[in-house]
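> One file is attached below, model38.tsv, containing TSV, C-alpha atoms.
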```tsv
chain	number	residue	atom	x	y	z
N	1	THR	CA	90.35	176.95	73.51
N	2	ARG	CA	90.90	178.11	77.09
N	3	GLN	CA	90.05	181.75	76.35
N	4	TRP	CA	88.00	184.08	78.54
N	5	LEU	CA	85.25	185.86	76.61
N	6	GLU	CA	83.74	189.07	77.97
N	7	LEU	CA	80.21	190.00	76.88
N	8	ASP	CA	78.08	193.12	77.37
N	9	SER	CA	74.91	190.99	77.65
N	10	PHE	CA	73.88	187.34	77.80
N	11	PRO	CA	73.07	185.80	75.53
N	12	PRO	CA	74.90	188.00	73.05
N	13	PRO	CA	73.42	188.94	69.67
N	14	ALA	CA	73.70	185.87	67.51
N	15	THR	CA	72.77	184.03	64.37
N	16	LYS	CA	70.27	181.24	65.03
N	17	LEU	CA	71.64	177.81	64.19
N	18	THR	CA	68.92	175.26	63.44
N	19	PHE	CA	69.28	171.54	62.82
N	20	TYR	CA	66.60	169.09	61.69
N	21	LEU	CA	66.31	165.35	62.20
N	22	GLY	CA	67.57	163.59	59.11
N	23	ALA	CA	67.96	160.08	57.79
N	24	GLU	CA	70.14	157.57	59.63
N	25	GLU	CA	69.93	159.46	62.94
N	26	SER	CA	71.60	162.57	61.55
N	27	LEU	CA	71.08	166.25	62.28
N	28	VAL	CA	71.04	168.34	59.11
N	29	LYS	CA	70.73	172.06	58.32
N	30	ASP	CA	67.92	171.68	55.77
N	31	PRO	CA	64.52	170.16	56.65
N	32	GLN	CA	63.83	166.75	55.17
N	33	ASP	CA	61.43	163.90	55.69
N	34	ALA	CA	63.21	161.80	58.27
N	35	PRO	CA	62.09	158.24	58.94
N	36	GLU	CA	60.61	157.51	62.34
N	37	ALA	CA	63.11	156.51	64.99
N	38	ASP	CA	61.95	153.93	67.52
N	39	TYR	CA	63.18	152.80	70.90
N	40	VAL	CA	61.80	150.59	73.66
N	41	PHE	CA	61.97	151.65	77.29
N	42	ASP	CA	62.40	148.91	79.87
N	43	PRO	CA	61.14	150.07	83.29
N	44	MET	CA	63.25	147.33	84.90
N	45	ALA	CA	66.42	148.94	83.49
N	46	PRO	CA	65.81	152.72	83.58
N	47	THR	CA	68.08	154.98	81.61
N	48	PRO	CA	70.78	156.37	83.93
N	49	VAL	CA	72.05	159.93	83.97
N	50	ILE	CA	75.75	160.40	83.39
N	51	GLY	CA	77.05	163.84	84.35
N	52	GLY	CA	75.21	167.09	83.88
N	53	ALA	CA	73.34	169.07	86.52
N	54	SER	CA	73.61	166.88	89.60
N	55	PHE	CA	74.56	167.26	93.24
N	56	HIS	CA	76.36	163.91	93.25
N	57	PRO	CA	80.08	164.77	93.43
N	58	ARG	CA	81.12	161.77	91.31
N	59	ASN	CA	78.40	162.10	88.69
N	60	CYS	CA	78.12	165.75	87.73
N	61	GLY	CA	79.45	168.15	85.13
N	62	ARG	CA	81.12	167.19	81.88
N	63	MET	CA	81.40	163.42	81.48
N	64	GLU	CA	81.96	160.97	78.66
N	65	GLN	CA	78.65	159.70	77.20
N	66	ARG	CA	79.54	156.69	75.00
N	67	ALA	CA	78.18	154.10	77.44
N	68	LEU	CA	74.86	155.94	77.68
N	69	GLU	CA	74.64	156.56	73.92
N	70	SER	CA	75.12	152.85	73.14
N	71	ARG	CA	71.95	151.85	75.04
N	72	LYS	CA	68.95	150.61	73.04
N	73	ASP	CA	66.63	153.00	74.89
N	74	VAL	CA	68.62	156.08	73.85
N	75	LEU	CA	68.34	157.74	70.44
N	76	VAL	CA	71.40	159.66	69.23
N	77	PHE	CA	71.29	162.17	66.37
N	78	THR	CA	74.61	163.61	65.16
N	79	THR	CA	75.72	166.43	62.85
N	80	GLU	CA	78.53	166.15	60.38
N	81	ALA	CA	81.83	167.48	61.75
N	82	PHE	CA	81.85	171.28	61.74
N	83	THR	CA	83.85	172.78	58.86
N	84	GLU	CA	84.73	175.91	60.86
N	85	ASP	CA	84.84	176.92	64.52
N	86	CYS	CA	81.42	177.78	65.93
N	87	LEU	CA	80.65	179.57	69.19
N	88	ILE	CA	77.41	178.33	70.78
N	89	ILE	CA	76.15	180.62	73.53
N	90	GLY	CA	72.69	180.71	75.04
N	91	SER	CA	69.94	178.26	75.81
N	92	PRO	CA	69.47	175.62	73.10
N	93	LYS	CA	65.96	174.34	72.45
N	94	ALA	CA	64.62	171.20	70.86
N	95	GLU	CA	61.26	170.77	69.15
N	96	PHE	CA	60.10	167.43	67.79
N	97	HIS	CA	57.11	165.11	67.44
N	98	VAL	CA	56.71	161.98	69.50
N	99	LYS	CA	54.20	159.14	69.79
N	100	SER	CA	54.01	156.91	72.83
N	101	GLU	CA	51.92	153.94	73.91
N	102	LEU	CA	52.39	155.09	77.51
N	103	GLU	CA	49.99	157.36	79.32
N	104	HIS	CA	52.90	159.36	80.74
N	105	PHE	CA	56.60	159.55	80.00
N	106	ASP	CA	59.64	161.77	80.32
N	107	ILE	CA	61.88	162.99	77.52
N	108	VAL	CA	65.48	164.05	78.09
N	109	ILE	CA	67.42	165.95	75.44
N	110	ARG	CA	71.17	166.29	75.80
N	111	LEU	CA	73.52	168.41	73.69
N	112	CYS	CA	76.94	166.78	73.43
N	113	VAL	CA	80.16	167.60	71.62
N	114	VAL	CA	82.12	164.81	69.95
N	115	GLN	CA	85.88	165.06	70.28
N	116	GLY	CA	87.65	162.25	68.47
N	117	SER	CA	85.83	159.06	69.43
N	118	ARG	CA	84.43	160.51	72.67
N	119	SER	CA	81.17	162.32	73.31
N	120	TYR	CA	80.85	164.82	76.18
N	121	ASN	CA	77.67	166.37	77.57
N	122	VAL	CA	77.30	170.16	77.33
N	123	CYS	CA	73.76	170.83	78.59
N	124	ASP	CA	70.44	169.03	78.85
N	125	GLY	CA	66.74	169.50	79.47
N	126	MET	CA	63.75	167.36	80.36
N	127	SER	CA	60.05	167.41	79.60
N	128	ARG	CA	57.46	165.38	81.47
N	129	GLN	CA	54.43	164.39	79.38
N	130	GLY	CA	51.05	162.97	80.26
N	131	LYS	CA	48.62	162.60	83.11
N	132	TYR	CA	50.05	161.25	86.35
N	133	ALA	CA	48.50	159.56	89.40
N	134	ASP	CA	48.04	162.92	91.14
N	135	GLY	CA	45.69	163.91	88.31
N	136	GLN	CA	47.96	166.67	87.13
N	137	VAL	CA	48.67	166.93	83.42
N	138	TYR	CA	52.29	167.68	82.59
N	139	GLY	CA	53.82	169.05	79.42
N	140	ALA	CA	52.82	171.87	77.14
N	141	SER	CA	52.73	169.63	74.10
N	142	LEU	CA	50.32	170.12	71.27
N	143	ARG	CA	48.48	167.08	69.92
N	144	GLN	CA	48.82	166.81	66.14
N	145	GLU	CA	46.33	165.35	63.63
N	146	ASP	CA	48.40	162.15	63.34
N	147	GLY	CA	48.17	161.59	67.12
N	148	SER	CA	51.72	162.68	67.83
N	149	LEU	CA	52.68	165.30	70.39
N	150	ARG	CA	54.74	168.33	69.43
N	151	VAL	CA	57.20	168.63	72.31
N	152	HIS	CA	59.42	171.58	73.22
N	153	VAL	CA	62.41	171.04	75.51
N	154	ALA	CA	64.55	173.92	76.77
N	155	LEU	CA	68.11	172.92	77.55
N	156	GLY	CA	70.22	174.72	80.13
N	157	HIS	CA	72.45	177.68	79.37
N	158	CYS	CA	75.76	176.96	77.73
N	159	ALA	CA	78.78	178.64	76.25
N	160	LEU	CA	80.88	176.42	74.05
N	161	ARG	CA	83.29	176.70	71.15
N	162	VAL	CA	82.91	173.76	68.78
N	163	CYS	CA	86.18	173.54	66.89
N	164	ARG	CA	86.48	172.68	63.22
N	165	GLY	CA	86.45	168.91	62.86
N	166	GLU	CA	84.33	168.27	65.96
```
What would the structure in this file look like if it were written as structure tokens?

Amino acid sequence: TRQWLELDSFPPPATKLTFYLGAEESLVKDPQDAPEADYVFDPMAPTPVIGGASFHPRNCGRMEQRALESRKDVLVFTTEAFTEDCLIIGSPKAEFHVKSELEHFDIVIRLCVVQGSRSYNVCDGMSRQGKYADGQVYGASLRQEDGSLRVHVALGHCALRVCRGE
């Protein structure tokens, strides 16, 4: 809305907004048993990064994400359109369970805002999981009884007004 907002502290006092994975790749406000979502990673066609925190002058900042989101190795979970304006300020976090056949893998979480038919990145975070060739174990994931890993990903700081209808 092109307004400057002055705050006494960052992040400001707030109400926590939590979403859960839902059916049909949705994000919902109430927990539910969501079906597993699968994807296959092809090391010969790695997932590119479009925009975000980058030093490349032509591939940084806010960029349209539709091409990335249409890939078969990218999972996209979306909320319903907001029914009222919502100010999101702070450092979003994601927590989820994942199973992998790979010994090590990376997970990237990206928060985007959908405006009309376009999706724009807001902030993102990455978590490296597994044991790598250097012998170091990455990730602070907790192994669950079903063999899955509980993964926490901290996204970067953001300040965003999501307008009603977005």
> For Arg62 in chain N, which residue out of N:Gln129, N:Gln136, N:Ser9, N:Asn121 is the nearest one, using only C-alpha atoms?
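Of N:Gln129, N:Gln136, N:Ser9, N:Asn121, the one nearest Arg62 in chain N is N:Asn121, counting only C-alpha atoms.
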> At a cut-off of 7 Å, using all atoms listed in the file, what residues contact range 43-54 of chain N? Leave out same-chain residues fewer than 6 positions from it and give the result as a ChimeraX atom specification.
/N:60-63,65,121,123
> Would you mind telling me which residue in N:Arg128, N:Leu142, N:Lys72, N:Leu87 lies nearest to Lys16 in chain N when using all atoms listed in the file?
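Of N:Arg128, N:Leu142, N:Lys72, N:Leu87, the one nearest Lys16 in chain N is N:Leu87, counting all atoms listed in the file.
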> Measuring between only C-alpha atoms, which one of N:His152, N:His104, N:Arg66, N:Arg118 shows the shortest distance to Gly130 in chain N?
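Smallest distance to Gly130 in chain N is found for N:His104.
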> In Å, with one decimal, what is the gap from CA of Tyr120 in chain N to CA of Glu64 in chain N?
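CA of Glu64 in chain N lies 4.7 Å from CA of Tyr120 in chain N.
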> Can you pull out every residue within 8 Å of range 159-165 of chain N, counting all atoms listed in the file, but drop anything in the same chain fewer than 4 positions away, and send it as a PyMOL selection string?
chain N and resi 1+81-90+113+122
> Hey, can you check how far CA of Arg2 in chain N sits from CA of Glu69 in chain N?
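Atom-to-atom, CA of Arg2 in chain N and CA of Glu69 in chain N are spaced 27.2 Å apart.
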> Please determine, counting all atoms listed in the file, which residue among N:Ala23, N:Cys112, N:Glu103, N:Ala37 has the shortest atom-to-atom distance to Tyr132 in chain N.
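The closest residue to Tyr132 in chain N is N:Glu103.
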> If we count all atoms listed in the file, what is near Pro31 in chain N at a cut-off of 8 Å, once residues fewer than 6 positions away on the same chain are taken out, given as a PyMOL selection string?
chain N and resi 19-22
> Restricting the output to C-alpha atoms, write the selected residues as a compact mmCIF listing (two decimals), in the coordinates of the input.

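Output file result12.txt follows:
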```
# COMPACT_ATOMS: atom_id res chain seq x y z
CA PHE N 19 69.28 171.54 62.82
CA TYR N 20 66.60 169.09 61.69
CA LEU N 21 66.31 165.35 62.20
CA GLY N 22 67.57 163.59 59.11
```
> One decimal, in Å: what's the spacing between CA of Ser70 in chain N and CA of Thr18 in chain N?
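These two atoms are separated by 25.2 Å.
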> Hey, could you pull the box centre and edge lengths for range 1-19 of chain N, axis-aligned, 3 Å padding per side, all listed atoms, to one decimal in Å, as AutoDock Vina command-line options?

```
--center_x 79.9 --center_y 182.3 --center_z 70.7 --size_x 28.0 --size_y 27.6 --size_z 21.7
```
> Taking all atoms listed in the file into account, name the residue in N:Ser127, N:Ser100, N:Ser91, N:Asp134 that is nearest to Leu155 in chain N.
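Nearest to Leu155 in chain N: N:Ser91.
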> Could you tell me which of N:His97, N:Phe55, N:Arg110, N:Pro92 comes closest to Leu68 in chain N if we count all atoms listed in the file?
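Ranked by minimum distance to Leu68 in chain N, first place goes to N:Arg110.
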